[in-house]
Amino acid sequence: MRRFLDVTYGVAYRSTKKVAVNPQLLLPSLIFPLFFFVAFAGGLSSVGNVPGFDFPSGYTAFQFVFVLLQASAFGGVFTGFGIAGDFENGFSRRLMLAAPSRLGILAGYALGAMIRAATVGVLLFVVAIISGMQIDGSGVDLFGLVVLALLVNLTASMWSAGVAMRLRSIQAGPVMQLPVFLILFLAPVYVPLDLLAGWIEAVAHINPVTPLIEGGRDLISGSDFQPLLVFGIAIGLGALFLAWAVRGVRSAERAG
Amino acid sequence: MSQERNAGIEVEGLVREFKNGPRAVDGIHLRVAPGEIYGFLGPNGAGKSTTVLMLTTLLPPTDGTARVAGHDIRREGAAVRASIGAALQEAALDPLLTGRDHMRLQTTLQGIAKGDRRRRGDELLERVGLTDAADRKVGGYSGGMKRRLDLALALVHSPRVLFLDEPTTGLDPSSRADLWDEVARLAREDGTTVFLTTQYLEEADVLADRVGIIDQGKIAAEGTPESLKAEIGRPSVEATPVDRAERDAIADVLSRFGSTVPAPPGAAAVRLESGENLAEVVRALDAADLKIADLQLHQPSLDDVFLAKTGRKLDVSAAEEPASV
């Protein structure tokens with residue numbers, strides 16, 4: 001177990017050290033959500049006045065939750081890009097050679113992704129608070145929102161790690177990114193679920209990301225929250241894609 | 001099992017077959033004694049690197065098995081990895097991290113005690129002459145520096161068996177000599193078993209206690225460099241006439257002393273029959289009144305061994321694409 005933790009720490013150390021000395025590496029996972037936040041919360045703020053929009057903490061907080069979860073998810077996807085890059089340039093062999101248990105490598109990538117997601121999340125919180133976001137949830141609610149964001153990050157990083165370890169090429173980037181992009185934007189992004197209509201409403205109803213976004217909005221606004229449903233789905237998705245990633249590690253081992 | 005046996009390599013019928021491809025490694029058997037430097041020689045695509053990938057547990061064999069440092073590569077992968085170090089063909093380094101960062105990462109991955117990581121890293125950086133460059137990003141290192149860092153990284157946990165896959169490819173002669181010295185020292189002073197793949201005959205000749213020649217996935221010959229050359233046995237003699245028109249006449253004279261072998265344009269050469277010597281060749285050429293510009297006696301080389309065993313020459317220039325340190 002100690003060796004597993006050594007490997008996990010080593011891989012996470014590398015990822016964190018790279019970001020610490022090359023902060024520009026955070027830009028892709030920060031710029032996109034910030035753009036959405038500024039564009040939606042600023043440009044679409046009048047959506048908050050639409051009849052039927054009854055989110056108590058205002059449109060900025062409503063959008064912030066989506067942007068936070070989006071940043072967490074994209075941060076996870078970028079971890080997959082990094083893994084694919086490691087396979088292309090041979091660095092993954094260094095890790096595979098040194099690790100008694102190769103699952104420690106996966107855990108290290110996941111931990112590194114969470115540290116980066118937490119950093120981006122803090123920056124987003126700062127920007128949102130400066131822009132006047134109203135937070136009505138308690139400290140416990142906010143902690144719940146952070147845990148939810150980290151679970152989304154874990155799920156996305158395990159999804160993309162599974163793809164990266166199977167395809168072992170940076171050209172697999174669109175395969176990692178596109179499904180995450182689609183599933184996020186087929187959820188109630190701009191307005192509550194009740195205000196959606198047509199096919200997008202039908203899709204949003206069965207989209208597993210919808211309860212996560214709505215649950216996050218409940219947390220930031222201090223509204224009634226269904227922890228079993230929201231965390232159940234988040235943990236379930238995380239476990240599903242963890243299994244997918246573990247099988248990806250085995251696939252990479254077989255391929256050499 | 002004794003510690004001695006634990007440090008060697010035993011390979012039994014190892015096979016690796018890729019989908020829709022030929023057998024990259026086709027049932028090889030070999031043994032490397034503890035503390036020995038084993039040179040694994042062959043041209044590109046012969047199966048050298050695939051063998052190393054299997055022995056280092058990076059690629060599962062299709063058939064056969066091997067024990068490395070006393071551990072089965074199929075069933076005891078983690079134990080094998082704990083006992084070996086490897087510097088593979090491309091020095092797999094992160095250009096955004098410094099040499100010292102790599103040391104910290106590798107000592108952590110290898111489970112070196114936290115308090116010893118810095119000391120061990122600094123010690124190895126010094127040993128490979130990278131102390132001054134330790135805090136520079138690896139992206140700015142030369143090819144030779146990357147190779148030396150890669151070697152240092154392979155040594156952080158004092159492995160009993162070290163795999164070096166074409167470690168000097170692309171290095172300039174000075175960097176190559178430095179690396180040879182370090183590898184020889186590892187075997188001589190630390191008792192490390194070294195499995196070295198190379199396509200450079202000189203490298204195998206200088207460094208290896210024993211050599212295995214692999215061609216098209218099979219071991220074509222195995223032994224000490226001296227014994228392999230002794231199998232070929234006889235030296236060759238090569239003569240270049242002053243007047244190129246006399247080349248055929250010289251070839252006729254030489255043919256009395258042995259079988260013709262390839263020679264550079266304008267020259268003739270034969271592999272001497274046993275018992276013939278250079279003085280007799282000189283007397284015969286003089287008796288035929290032939291003027292000789294250059295006369296050379298070549299002792300058999302590993303290249304001759306390769307030619308004799310595979311029917312092809314291993315024509316790789318050691319000076320190919322040099323990278324300076």
# chains A, B, ... in the order shown; residues from 1 in each chain; ligands from 1

$ interface_residues --of "chain A" --to "chain B" --cutoff "12 Å" --atoms "only C-alpha atoms" --output "JSON, numbers by chain"
{"A": [1, 2, 3, 4, 5, 6, 7, 8, 9, 10, 11, 12, 13, 14, 15, 16, 17, 18, 19, 20, 21, 22, 23, 24, 25, 82, 85, 86, 87, 88, 89, 90, 91, 92, 93, 94, 95, 96, 97, 98, 99, 100, 101, 102, 103, 104, 105, 108, 250, 251, 252, 253, 254, 255, 256]}

$ select_by_dssp --residues "region 45-214 of chain A" --states "helix (DSSP H, G or I)" --output "PyMOL selection string"
chain A and resi 45-49+58-89+91-98+103-130+139-167+170-185+193-195+199-206+209-214

$ atom_distance --atom1 "CA of Leu272 (chain B)" --atom2 "CA of Leu207 (chain B)"
28.2 Å

$ select_by_dssp --residues "region 72-199 of chain B" --states "strand (DSSP E)" --output "PyMOL selection string"
chain B and resi 72+84-87+161-165+193-198

$ closest_residue --among "A:Gly216, A:Ala39, A:Leu30, A:Val249" --to "Gly137 (chain A)" --atoms "only C-alpha atoms"
A:Gly216

$ residues_around --residues "Gly212 (chain B)" --least-positions-apart "6" --cutoff "9 Å" --atoms "only C-alpha atoms" --output "ChimeraX atom specification"
/B:30,38-42,219-224

$ write_last_selection --atoms "N, CA, C and O atoms" --output "PDB file, in the first residue's frame"
ATOM      1  N   LEU B  30      18.143 -17.514 -23.703  1.00  0.00           N
ATOM      2  CA  LEU B  30      19.452 -16.968 -23.336  1.00  0.00           C
ATOM      3  C   LEU B  30      19.596 -16.882 -21.824  1.00  0.00           C
ATOM      4  O   LEU B  30      18.605 -16.919 -21.096  1.00  0.00           O
ATOM      5  N   TYR B  38      25.874  -8.119 -20.969  1.00  0.00           N
ATOM      6  CA  TYR B  38      25.458  -8.924 -22.110  1.00  0.00           C
ATOM      7  C   TYR B  38      25.079  -7.981 -23.244  1.00  0.00           C
ATOM      8  O   TYR B  38      24.172  -7.152 -23.105  1.00  0.00           O
ATOM      9  N   GLY B  39      25.779  -8.081 -24.338  1.00  0.00           N
ATOM     10  CA  GLY B  39      25.480  -7.229 -25.491  1.00  0.00           C
ATOM     11  C   GLY B  39      24.508  -7.931 -26.418  1.00  0.00           C
ATOM     12  O   GLY B  39      24.753  -9.060 -26.845  1.00  0.00           O
ATOM     13  N   PHE B  40      23.394  -7.280 -26.708  1.00  0.00           N
ATOM     14  CA  PHE B  40      22.372  -7.879 -27.563  1.00  0.00           C
ATOM     15  C   PHE B  40      22.430  -7.109 -28.874  1.00  0.00           C
ATOM     16  O   PHE B  40      22.003  -5.953 -28.947  1.00  0.00           O
ATOM     17  N   LEU B  41      22.977  -7.765 -29.875  1.00  0.00           N
ATOM     18  CA  LEU B  41      23.360  -7.074 -31.098  1.00  0.00           C
ATOM     19  C   LEU B  41      22.439  -7.460 -32.255  1.00  0.00           C
ATOM     20  O   LEU B  41      22.122  -8.629 -32.434  1.00  0.00           O
ATOM     21  N   GLY B  42      22.054  -6.462 -33.014  1.00  0.00           N
ATOM     22  CA  GLY B  42      21.237  -6.770 -34.184  1.00  0.00           C
ATOM     23  C   GLY B  42      20.826  -5.505 -34.899  1.00  0.00           C
ATOM     24  O   GLY B  42      20.882  -4.417 -34.321  1.00  0.00           O
ATOM     25  N   ILE B 219      17.960 -15.920 -32.172  1.00  0.00           N
ATOM     26  CA  ILE B 219      19.366 -15.768 -31.799  1.00  0.00           C
ATOM     27  C   ILE B 219      20.206 -16.493 -32.856  1.00  0.00           C
ATOM     28  O   ILE B 219      20.099 -17.711 -33.024  1.00  0.00           O
ATOM     29  N   ALA B 220      21.046 -15.723 -33.549  1.00  0.00           N
ATOM     30  CA  ALA B 220      21.859 -16.310 -34.615  1.00  0.00           C
ATOM     31  C   ALA B 220      23.187 -16.819 -34.075  1.00  0.00           C
ATOM     32  O   ALA B 220      23.765 -17.759 -34.637  1.00  0.00           O
ATOM     33  N   ALA B 221      23.692 -16.197 -33.013  1.00  0.00           N
ATOM     34  CA  ALA B 221      24.972 -16.634 -32.432  1.00  0.00           C
ATOM     35  C   ALA B 221      25.079 -16.060 -31.031  1.00  0.00           C
ATOM     36  O   ALA B 221      24.458 -15.031 -30.724  1.00  0.00           O
ATOM     37  N   GLU B 222      25.865 -16.728 -30.202  1.00  0.00           N
ATOM     38  CA  GLU B 222      26.026 -16.249 -28.838  1.00  0.00           C
ATOM     39  C   GLU B 222      27.384 -16.676 -28.321  1.00  0.00           C
ATOM     40  O   GLU B 222      27.847 -17.784 -28.617  1.00  0.00           O
ATOM     41  N   GLY B 223      28.051 -15.842 -27.580  1.00  0.00           N
ATOM     42  CA  GLY B 223      29.340 -16.186 -26.991  1.00  0.00           C
ATOM     43  C   GLY B 223      30.098 -14.932 -26.618  1.00  0.00           C
ATOM     44  O   GLY B 223      29.575 -13.816 -26.749  1.00  0.00           O
ATOM     45  N   THR B 224      31.349 -15.105 -26.157  1.00  0.00           N
ATOM     46  CA  THR B 224      32.157 -13.915 -25.897  1.00  0.00           C
ATOM     47  C   THR B 224      32.566 -13.342 -27.247  1.00  0.00           C
ATOM     48  O   THR B 224      32.634 -14.082 -28.241  1.00  0.00           O
TER      49      THR B 224
END

$ residues_around --residues "Pro28 (chain A)" --least-positions-apart "4" --cutoff "12 Å" --atoms "only C-alpha atoms" --output "list of chain:residue names"
A:Val19, A:Pro23, A:Gln24, A:Phe32, A:Pro33, A:Leu34, A:Phe35, A:Ala71, A:Ser72, A:Phe74, A:Gly75, A:Gly76, A:Val77, A:Phe78, A:Thr79, A:Phe81, A:Arg116, A:Ala117, A:Val120

$ write_last_selection --atoms "N, CA and C atoms" --output "mmCIF file, in the first residue's frame"
data_model
loop_
_atom_site.group_PDB
_atom_site.id
_atom_site.type_symbol
_atom_site.label_atom_id
_atom_site.label_comp_id
_atom_site.auth_asym_id
_atom_site.auth_seq_id
_atom_site.Cartn_x
_atom_site.Cartn_y
_atom_site.Cartn_z
ATOM 1 N N VAL A 19 2.422 22.576 -13.254
ATOM 2 C CA VAL A 19 1.510 23.727 -13.264
ATOM 3 C C VAL A 19 2.091 24.869 -12.437
ATOM 4 N N PRO A 23 2.395 28.162 -15.016
ATOM 5 C CA PRO A 23 0.962 28.404 -14.731
ATOM 6 C C PRO A 23 0.118 28.550 -15.983
ATOM 7 N N GLN A 24 0.772 28.838 -17.110
ATOM 8 C CA GLN A 24 -0.010 28.968 -18.351
ATOM 9 C C GLN A 24 -0.707 27.661 -18.717
ATOM 10 N N PHE A 32 -11.873 29.022 -20.808
ATOM 11 C CA PHE A 32 -13.159 28.622 -21.385
ATOM 12 C C PHE A 32 -14.315 28.874 -20.386
ATOM 13 N N PRO A 33 -14.218 28.348 -19.158
ATOM 14 C CA PRO A 33 -15.288 28.604 -18.195
ATOM 15 C C PRO A 33 -15.437 30.091 -17.850
ATOM 16 N N LEU A 34 -14.297 30.792 -17.790
ATOM 17 C CA LEU A 34 -14.396 32.226 -17.472
ATOM 18 C C LEU A 34 -15.138 32.969 -18.576
ATOM 19 N N PHE A 35 -14.845 32.583 -19.815
ATOM 20 C CA PHE A 35 -15.531 33.210 -20.944
ATOM 21 C C PHE A 35 -17.039 32.970 -20.838
ATOM 22 N N ALA A 71 -15.869 23.670 -15.626
ATOM 23 C CA ALA A 71 -14.413 23.783 -15.462
ATOM 24 C C ALA A 71 -13.852 22.491 -14.875
ATOM 25 N N SER A 72 -14.578 21.916 -13.932
ATOM 26 C CA SER A 72 -14.114 20.663 -13.316
ATOM 27 C C SER A 72 -14.074 19.546 -14.354
ATOM 28 N N PHE A 74 -13.920 19.846 -17.703
ATOM 29 C CA PHE A 74 -12.904 20.082 -18.728
ATOM 30 C C PHE A 74 -11.499 19.856 -18.167
ATOM 31 N N GLY A 75 -11.308 20.205 -16.890
ATOM 32 C CA GLY A 75 -10.020 19.923 -16.251
ATOM 33 C C GLY A 75 -9.726 18.430 -16.289
ATOM 34 N N GLY A 76 -10.748 17.635 -16.065
ATOM 35 C CA GLY A 76 -10.585 16.178 -16.143
ATOM 36 C C GLY A 76 -10.235 15.729 -17.536
ATOM 37 N N VAL A 77 -10.898 16.330 -18.533
ATOM 38 C CA VAL A 77 -10.615 15.959 -19.930
ATOM 39 C C VAL A 77 -9.167 16.307 -20.290
ATOM 40 N N PHE A 78 -8.697 17.470 -19.821
ATOM 41 C CA PHE A 78 -7.311 17.861 -20.138
ATOM 42 C C PHE A 78 -6.314 16.891 -19.504
ATOM 43 N N THR A 79 -6.701 16.271 -18.401
ATOM 44 C CA THR A 79 -5.833 15.241 -17.811
ATOM 45 C C THR A 79 -5.660 14.092 -18.804
ATOM 46 N N PHE A 81 -5.753 14.373 -21.999
ATOM 47 C CA PHE A 81 -4.814 14.851 -23.038
ATOM 48 C C PHE A 81 -3.375 14.608 -22.570
ATOM 49 N N ARG A 116 -5.528 20.473 -9.641
ATOM 50 C CA ARG A 116 -5.664 21.544 -10.645
ATOM 51 C C ARG A 116 -7.100 22.074 -10.686
ATOM 52 N N ALA A 117 -8.055 21.157 -10.564
ATOM 53 C CA ALA A 117 -9.465 21.584 -10.581
ATOM 54 C C ALA A 117 -9.767 22.471 -9.375
ATOM 55 N N VAL A 120 -8.381 25.927 -10.091
ATOM 56 C CA VAL A 120 -9.254 26.650 -11.022
ATOM 57 C C VAL A 120 -10.551 27.053 -10.319
#

$ residues_around --residues "Val65 (chain A)" --least-positions-apart "3" --cutoff "12 Å" --atoms "only C-alpha atoms" --output "PyMOL selection string"
chain A and resi 33+36-37+40-41+57-62+68-72+121+124-125+128+133-135+142+145-146+148-149+188-190+210+212-221

$ residues_around --residues "Pro179 (chain A)" --least-positions-apart "5" --cutoff "12 Å" --atoms "only C-alpha atoms" --output "ChimeraX atom specification"
/A:73-74,77,156,159-160,163,173-174,184-186

$ atom_distance --atom1 "CA of Gly222 (chain A)" --atom2 "CA of Gly236 (chain A)"
24.1 Å
